[in-house]
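What follows is my_file_38.cif (mmCIF, C-alpha atoms).
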data_data
loop_
_atom_site.label_atom_id
_atom_site.label_comp_id
_atom_site.auth_asym_id
_atom_site.auth_seq_id
_atom_site.Cartn_x
_atom_site.Cartn_y
_atom_site.Cartn_z
CA MET A 1 129.69 74.33 69.57
CA GLU A 2 131.32 71.19 70.93
CA LEU A 3 129.72 69.56 73.97
CA ASP A 4 131.80 67.34 76.22
CA ILE A 5 130.59 65.68 79.41
CA THR A 6 131.98 68.50 81.58
CA LEU A 7 130.09 71.19 79.68
CA ILE A 8 126.90 69.12 79.69
CA ILE A 9 127.09 68.79 83.49
CA ILE A 10 127.78 72.52 83.86
CA LEU A 11 124.76 73.38 81.70
CA LEU A 12 122.51 70.97 83.61
CA VAL A 13 123.58 72.23 87.05
CA THR A 14 123.35 75.86 85.95
CA GLY A 15 119.86 75.30 84.57
CA PHE A 16 118.77 73.60 87.80
CA GLY A 17 120.08 76.37 90.06
CA ALA A 18 118.74 79.16 87.86
CA GLY A 19 115.35 77.47 87.56
CA MET A 20 115.01 77.17 91.33
CA ILE A 21 116.04 80.79 91.97
CA ASP A 22 113.89 82.09 89.13
CA ALA A 23 110.77 80.28 90.39
CA ILE A 24 111.17 81.89 93.81
CA ALA A 25 112.47 85.38 93.11
CA GLY A 26 113.27 85.81 89.41
CA GLY A 27 116.67 86.86 88.12
CA GLY A 28 117.80 83.45 86.91
CA GLY A 29 119.43 85.12 83.92
CA LEU A 30 122.12 86.46 86.27
CA ILE A 31 123.30 82.86 86.54
CA THR A 32 122.63 81.51 83.07
CA LEU A 33 123.78 84.30 80.76
CA PRO A 34 127.42 84.40 81.97
CA VAL A 35 127.63 80.61 81.61
CA LEU A 36 126.21 80.68 78.09
CA LEU A 37 128.59 83.47 77.09
CA SER A 38 131.51 81.50 78.51
CA THR A 39 130.82 78.69 76.03
CA GLY A 40 131.81 80.97 73.16
CA MET A 41 128.32 81.99 72.04
CA SER A 42 127.82 85.48 70.67
CA PRO A 43 125.72 87.83 72.87
CA VAL A 44 122.69 87.41 70.58
CA GLU A 45 123.02 83.61 70.61
CA ALA A 46 123.37 83.63 74.41
CA LEU A 47 120.27 85.81 74.82
CA ALA A 48 118.26 83.65 72.43
CA THR A 49 119.38 80.36 74.02
CA ASN A 50 118.69 81.84 77.45
CA LYS A 51 115.08 82.55 76.45
CA LEU A 52 114.73 78.93 75.29
CA GLN A 53 116.02 77.31 78.47
CA GLY A 54 114.33 79.88 80.73
CA SER A 55 110.96 79.14 79.15
CA PHE A 56 111.15 75.57 80.46
CA GLY A 57 111.80 76.75 84.01
CA THR A 58 108.89 79.20 84.02
CA LEU A 59 106.69 76.50 82.43
CA ALA A 60 107.56 74.00 85.16
CA ALA A 61 106.90 76.53 87.92
CA SER A 62 103.67 77.73 86.30
CA ALA A 63 102.36 74.17 85.92
CA TYR A 64 103.05 73.46 89.59
CA PHE A 65 101.27 76.64 90.70
CA VAL A 66 98.27 75.78 88.51
CA ARG A 67 98.08 72.28 90.04
CA LYS A 68 98.17 73.81 93.52
CA LYS A 69 95.36 76.21 92.50
CA LEU A 70 97.38 79.34 93.26
CA VAL A 71 96.69 80.28 89.64
CA HIS A 72 93.48 79.90 87.60
CA LEU A 73 94.38 80.30 83.94
CA SER A 74 90.78 81.01 82.96
CA GLN A 75 90.97 84.22 85.01
CA MET A 76 94.26 85.27 83.40
CA LYS A 77 93.35 85.12 79.70
CA LEU A 78 93.33 88.91 79.28
CA MET A 79 96.56 89.35 81.26
CA ILE A 80 98.29 86.65 79.21
CA SER A 81 97.11 88.16 75.93
CA CYS A 82 98.22 91.68 76.86
CA THR A 83 101.60 90.46 78.09
CA PHE A 84 102.14 88.50 74.88
CA VAL A 85 101.30 91.45 72.62
CA GLY A 86 103.41 93.82 74.72
CA ALA A 87 106.42 91.50 74.61
CA ILE A 88 106.17 91.14 70.83
CA LEU A 89 106.01 94.92 70.35
CA GLY A 90 108.96 95.41 72.70
CA THR A 91 111.01 92.82 70.83
CA LEU A 92 110.27 94.53 67.51
CA ILE A 93 110.91 98.08 68.69
CA VAL A 94 114.16 97.31 70.56
CA GLN A 95 115.72 96.53 67.20
CA GLN A 96 115.15 100.14 66.12
CA LEU A 97 115.98 102.12 69.28
CA ASP A 98 118.88 102.74 71.67
CA THR A 99 118.32 101.21 75.14
CA SER A 100 121.19 103.09 76.83
CA LEU A 101 118.90 105.56 78.64
CA LEU A 102 116.82 102.75 80.11
CA ALA A 103 119.99 100.89 81.10
CA SER A 104 121.14 104.02 82.95
CA ILE A 105 118.07 104.40 85.16
CA MET A 106 117.30 100.71 85.79
CA PRO A 107 119.84 100.17 88.63
CA LEU A 108 118.29 102.95 90.70
CA LEU A 109 114.78 101.70 90.00
CA LEU A 110 115.75 98.18 91.08
CA VAL A 111 117.19 99.52 94.34
CA LEU A 112 113.89 101.30 95.02
CA ILE A 113 112.03 98.03 94.38
CA ALA A 114 114.35 96.20 96.80
CA LEU A 115 113.53 98.82 99.44
CA TYR A 116 109.82 98.31 98.74
CA PHE A 117 110.13 94.58 99.40
CA MET A 118 112.14 95.24 102.55
CA PHE A 119 109.75 97.71 104.16
CA SER A 120 106.29 97.53 102.57
CA LYS A 121 103.51 96.48 104.93
CA ARG A 122 101.41 95.25 101.99
CA ILE A 123 103.66 92.23 101.53
CA GLY A 124 102.52 89.17 103.43
CA ASP A 125 100.92 85.73 103.26
CA GLU A 126 97.37 87.10 103.02
CA ASP A 127 95.54 88.86 100.19
CA ARG A 128 94.60 92.53 100.64
CA ASP A 129 92.19 94.96 98.97
CA ARG A 130 92.78 95.56 95.27
CA LYS A 131 93.38 99.04 93.82
CA VAL A 132 92.42 98.45 90.16
CA SER A 133 90.21 96.11 88.12
CA ASN A 134 91.60 93.08 86.29
CA ALA A 135 90.91 94.78 82.95
CA VAL A 136 92.86 97.93 83.86
CA PHE A 137 95.65 95.81 85.29
CA ALA A 138 95.88 93.76 82.08
CA PHE A 139 95.61 96.53 79.49
CA VAL A 140 97.91 98.97 81.29
CA PHE A 141 100.31 97.10 83.55
CA THR A 142 100.79 93.61 82.12
CA PHE A 143 101.02 95.10 78.61
CA ALA A 144 103.64 97.63 79.79
CA ILE A 145 105.73 95.06 81.70
CA GLY A 146 105.49 92.60 78.81
CA PHE A 147 106.70 95.38 76.50
CA TYR A 148 109.57 96.08 78.88
CA ASP A 149 110.58 92.40 78.88
CA GLY A 150 110.73 92.33 75.10
CA PHE A 151 112.51 95.69 74.98
CA PHE A 152 115.05 95.33 77.79
CA GLY A 153 114.32 92.58 80.33
CA PRO A 154 116.19 92.73 83.67
CA GLY A 155 113.84 92.70 86.65
CA THR A 156 110.69 91.77 84.70
CA GLY A 157 109.56 89.19 87.26
CA THR A 158 110.10 91.67 90.08
CA PHE A 159 107.98 94.30 88.31
CA PHE A 160 105.17 91.79 87.83
CA ALA A 161 105.34 90.79 91.51
CA VAL A 162 105.25 94.42 92.70
CA ALA A 163 102.26 95.10 90.45
CA PHE A 164 100.30 92.08 91.69
CA ILE A 165 101.00 92.94 95.34
CA SER A 166 100.51 96.70 95.24
CA LEU A 167 97.64 96.92 92.74
CA LEU A 168 95.69 93.65 93.05
CA GLY A 169 96.50 93.04 96.73
CA PHE A 170 97.87 89.53 96.16
CA SER A 171 99.78 87.65 98.83
CA MET A 172 103.48 87.10 98.20
CA ALA A 173 103.05 83.46 97.15
CA ARG A 174 100.06 84.21 94.91
CA ALA A 175 101.86 87.13 93.28
CA THR A 176 104.90 84.92 92.60
CA ALA A 177 102.68 82.22 91.07
CA HIS A 178 100.93 84.64 88.70
CA THR A 179 104.26 86.27 87.86
CA LYS A 180 105.64 82.96 86.59
CA VAL A 181 102.72 82.51 84.18
CA LEU A 182 103.27 85.97 82.69
CA ASN A 183 107.05 85.45 82.66
CA PHE A 184 106.48 82.31 80.61
CA THR A 185 104.20 84.25 78.26
CA SER A 186 106.71 87.02 77.58
CA ASN A 187 109.54 84.48 77.22
CA ILE A 188 107.61 82.60 74.53
CA ALA A 189 106.81 85.83 72.66
CA SER A 190 110.50 86.79 72.50
CA LEU A 191 111.55 83.19 71.78
CA ILE A 192 109.45 83.12 68.61
CA PHE A 193 111.41 86.00 67.10
CA PHE A 194 114.77 84.61 68.20
CA ALA A 195 113.85 81.30 66.55
CA ILE A 196 112.82 83.05 63.32
CA GLY A 197 116.18 84.84 63.32
CA GLY A 198 118.03 81.51 63.68
CA ASN A 199 119.93 82.69 66.77
CA ILE A 200 119.20 79.80 69.17
CA ILE A 201 121.80 77.14 69.98
CA TRP A 202 119.21 74.40 70.38
CA VAL A 203 121.32 71.57 71.83
CA ALA A 204 122.78 73.70 74.64
CA GLY A 205 119.36 75.23 75.31
CA PHE A 206 117.63 71.88 75.67
CA ILE A 207 120.35 70.48 77.93
CA MET A 208 120.02 73.47 80.24
CA ALA A 209 116.22 73.22 79.96
CA ALA A 210 116.33 69.74 81.55
CA GLY A 211 117.89 71.30 84.65
CA GLN A 212 115.39 74.17 84.49
CA LEU A 213 112.43 71.79 84.58
CA LEU A 214 113.67 70.21 87.82
CA GLY A 215 114.79 73.48 89.40
CA GLY A 216 111.58 75.27 88.48
CA GLN A 217 109.45 72.62 90.14
CA LEU A 218 111.58 72.58 93.28
CA GLY A 219 111.53 76.36 93.54
CA ALA A 220 107.76 76.43 93.09
CA ARG A 221 107.35 73.85 95.89
CA MET A 222 109.43 76.06 98.18
CA VAL A 223 107.23 79.07 97.37
CA VAL A 224 104.14 77.13 98.43
CA SER A 225 105.71 75.70 101.59
CA LYS A 226 107.74 78.70 102.80
CA GLY A 227 105.78 81.70 101.52
CA VAL A 228 106.85 85.25 102.31
CA SER A 229 109.60 84.17 104.73
CA LEU A 230 111.56 82.76 101.78
CA ILE A 231 110.44 84.90 98.84
CA ARG A 232 110.83 88.36 100.36
CA PRO A 233 114.53 88.22 101.33
CA LEU A 234 115.47 86.35 98.17
CA ILE A 235 113.78 88.96 95.95
CA VAL A 236 115.69 91.71 97.79
CA VAL A 237 119.01 89.91 97.27
CA VAL A 238 118.34 89.12 93.59
CA THR A 239 117.09 92.64 92.84
CA LEU A 240 120.16 94.24 94.40
CA ALA A 241 122.36 91.77 92.50
CA MET A 242 120.70 92.77 89.22
CA SER A 243 121.25 96.43 90.06
CA ALA A 244 124.93 95.79 90.82
CA LYS A 245 125.31 93.83 87.57
CA LEU A 246 123.81 96.65 85.50
CA LEU A 247 126.03 99.23 87.22
CA PHE A 248 129.10 97.08 86.59
CA ASP A 249 128.19 96.74 82.92
CA GLN A 250 127.81 100.51 82.68
CA TYR A 251 131.15 101.00 84.43
CA GLN A 252 132.85 98.83 81.83
CA GLN A 253 131.17 100.79 79.06
CA GLY A 254 131.74 104.21 80.66
CA GLY A 255 128.01 104.83 81.19
CA PRO A 256 126.84 108.29 82.35
CA LEU A 257 125.14 107.14 85.56
CA VAL A 258 128.25 105.39 86.86
CA GLY A 259 130.36 108.43 86.01
CA GLN A 260 127.98 110.63 87.99
CA LEU A 261 128.04 108.27 90.98
CA LEU A 262 131.84 108.13 90.95
CA SER A 263 131.99 111.92 90.89
CA TRP A 264 129.69 112.07 93.93
CA PHE A 265 131.68 109.59 95.99
CA GLY A 266 135.13 110.33 94.61
#
Written as structure tokens, how would this file's structure read?
Amino acid sequence: MELDITLIIILLVTGFGAGMIDAIAGGGGLITLPVLLSTGMSPVEALATNKLQGSFGTLAASAYFVRKKLVHLSQMKLMISCTFVGAILGTLIVQQLDTSLLASIMPLLLVLIALYFMFSKRIGDEDRDRKVSNAVFAFVFTFAIGFYDGFFGPGTGTFFAVAFISLLGFSMARATAHTKVLNFTSNIASLIFFAIGGNIIWVAGFIMAAGQLLGGQLGARMVVSKGVSLIRPLIVVVTLAMSAKLLFDQYQQGGPLVGQLLSWFG
């Protein structure tokens, strides 16, 4: 692909904005994927390049959270390992199966998650009592969410955040910090296979990654300084936006869920 100064600026600014949003609430792919597709990349190339640039944003945010001691990597070794293995398995299996059923139910599930963030009393700036052990959380939940990220993807960060809050009793800021580490893990797992397949447009990915590094750090700083007052409403907005995007995609493809909804309201 040909890169002129205008496209370079667009990629940098897009990476910066997506990195900041992703560090706070997730869902940066809503911004980056359409831009990458607009450059003329194929869908597979756009997805692969998106994983490359997104990895830099989650790395920047994770490093900031580690420095601020919201995350202790030594306590996350099992979670990281389970997420990595789950993401690899998801990436391998998605190549053999049809994801249309999952695509049909995801918008409704994301709406339910948005409602959880709007009304749950467990969400706050203080830690609460945990419901499961770290081992159970890692082997069952981080593995499953990592698998989902490799298999399908939308809303992965939100699922991690819900799990940390509802099961381990983490505060909103602490849940967001740990989510970024596991997001980075699953991104790297998928990125390996995209790289092996030769699907990454490296130059575009690295240009956007420069913006991601700055945006990820800024977003992480805002998480630490603003806490739940910033993260909670932004997660609700991003989650509903992801749900709307998935419904729109299904509408264009004539998906069964959208047809059912139209019959109800038509």
Can you spell out as a PDB file with C-alpha atoms, keeping the file's coordinate frame the set of residues that the PyMOL selection byres ((chain A and resi 128) around 8) selects in the structure I just provided?
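Result written to expr-v9.pdb:
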ATOM      1  CA  ARG A 122     101.410  95.250 101.990  1.00  0.00           C
ATOM      2  CA  GLU A 126      97.370  87.100 103.020  1.00  0.00           C
ATOM      3  CA  ASP A 127      95.540  88.860 100.190  1.00  0.00           C
ATOM      4  CA  ASP A 129      92.190  94.960  98.970  1.00  0.00           C
ATOM      5  CA  ARG A 130      92.780  95.560  95.270  1.00  0.00           C
ATOM      6  CA  LEU A 168      95.690  93.650  93.050  1.00  0.00           C
ATOM      7  CA  GLY A 169      96.500  93.040  96.730  1.00  0.00           C
ATOM      8  CA  PHE A 170      97.870  89.530  96.160  1.00  0.00           C
ATOM      9  CA  SER A 171      99.780  87.650  98.830  1.00  0.00           C
TER      10      SER A 171
END
Next on the checklist: I need the output of the PyMOL selection byres ((chain A and resi 62) around 8) for this file as JSON, numbers by chain; which residues are they?
Outcome noted: {"A": [58, 59, 60, 61, 63, 64, 65, 66, 177, 178, 180, 181, 184]}
Next on the checklist: Residues within 10 Å of A:Ala161, please, as a ChimeraX atom specification. Count only C-alpha atoms; anything in the same chain fewer than 4 positions from it doesn't count.
Outcome noted: /A:25-26,117,155-157,165-167,170-180,235
Item to check | Using only C-alpha atoms: which of A:Met79, A:Val44, A:Phe160, A:Leu191 has the shortest distance to A:Ser133 | outcome: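 Distance minimum relative to A:Ser133 lands on A:Met79.
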Item to check | Counting only C-alpha atoms, the residue of A:Ser104, A:Ser225, A:Ser55, A:Thr185 that sits nearest A:Met76 | outcome: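 Result for the nearest residue to A:Met76: A:Thr185.
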Checklist entry - Within 12 Å of A:Phe206, counting all atoms listed in the file, which residues qualify if same-chain residues fewer than 5 places away don't, as a ChimeraX atom specification? => result /A:8,11-12,15,49-57,200-201,211-213
Next on the checklist: I'd like the interatomic distance between atom CA of A:Ile88 and atom CA of A:Phe147, to a tenth of an Å.
Outcome noted: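 That distance, rounded to one decimal, is 7.1 Å.
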Next on the checklist: Quick check, in Å to one decimal: how far apart do atom CA of A:Lys68 and atom CA of A:Leu182 lie?
Outcome noted: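 Interatomic distance here is 17.1 Å.
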Next on the checklist: Please compute the atom CA of A:Tyr148-atom CA of A:Thr91 distance, one decimal, in Å.
Outcome noted: 8.8 Å
Item to check | Option closest in space to A:Gly146, from A:Gly219, A:Gly90, A:Gly124, A:Pro34 [counting all atoms listed in the file] | outcome: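 Of A:Gly219, A:Gly90, A:Gly124, A:Pro34, the one nearest A:Gly146 is A:Gly90, counting all atoms listed in the file.
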Item to check | Using all atoms listed in the file: which of A:Leu247, A:Leu47, A:Leu73, A:Val236 has the shortest distance to A:Ser190 | outcome: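 Looking at the shortest contact to A:Ser190, the residue is A:Leu47.
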Item to check | Output of the PyMOL selection byres ((chain A and resi 239) around 8), listed as an MDAnalysis selection string | outcome: chainID A and resid 27 110:111 113:114 155 158 235:238 240:243
Next on the checklist: Using all atoms listed in the file, can you tell me which of A:Ala23, A:Ala87, A:Leu30, A:Val136 comes closest to A:Ala163?
Outcome noted: A:Val136
Checklist entry - Got a sec: who's within 6 Å of stretch 139-145 of chain A, counting only C-alpha atoms, leaving out chain neighbours fewer than 6 positions off, as a PyMOL selection string? => result chain A and resi 82-83+86
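Nearest residue to A:Ala135 among A:Leu230, A:Ala46, A:Leu214, A:Ile80 is A:Ile80, counting only C-alpha atoms.
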Next on the checklist: Env of A:Leu92: 8 Å cut, atoms = all atoms listed in the file, seq-sep filter 4 positions within chain, self excluded. Answer as JSON, numbers by chain.
Outcome noted: {"A": [88, 96, 150, 151]}
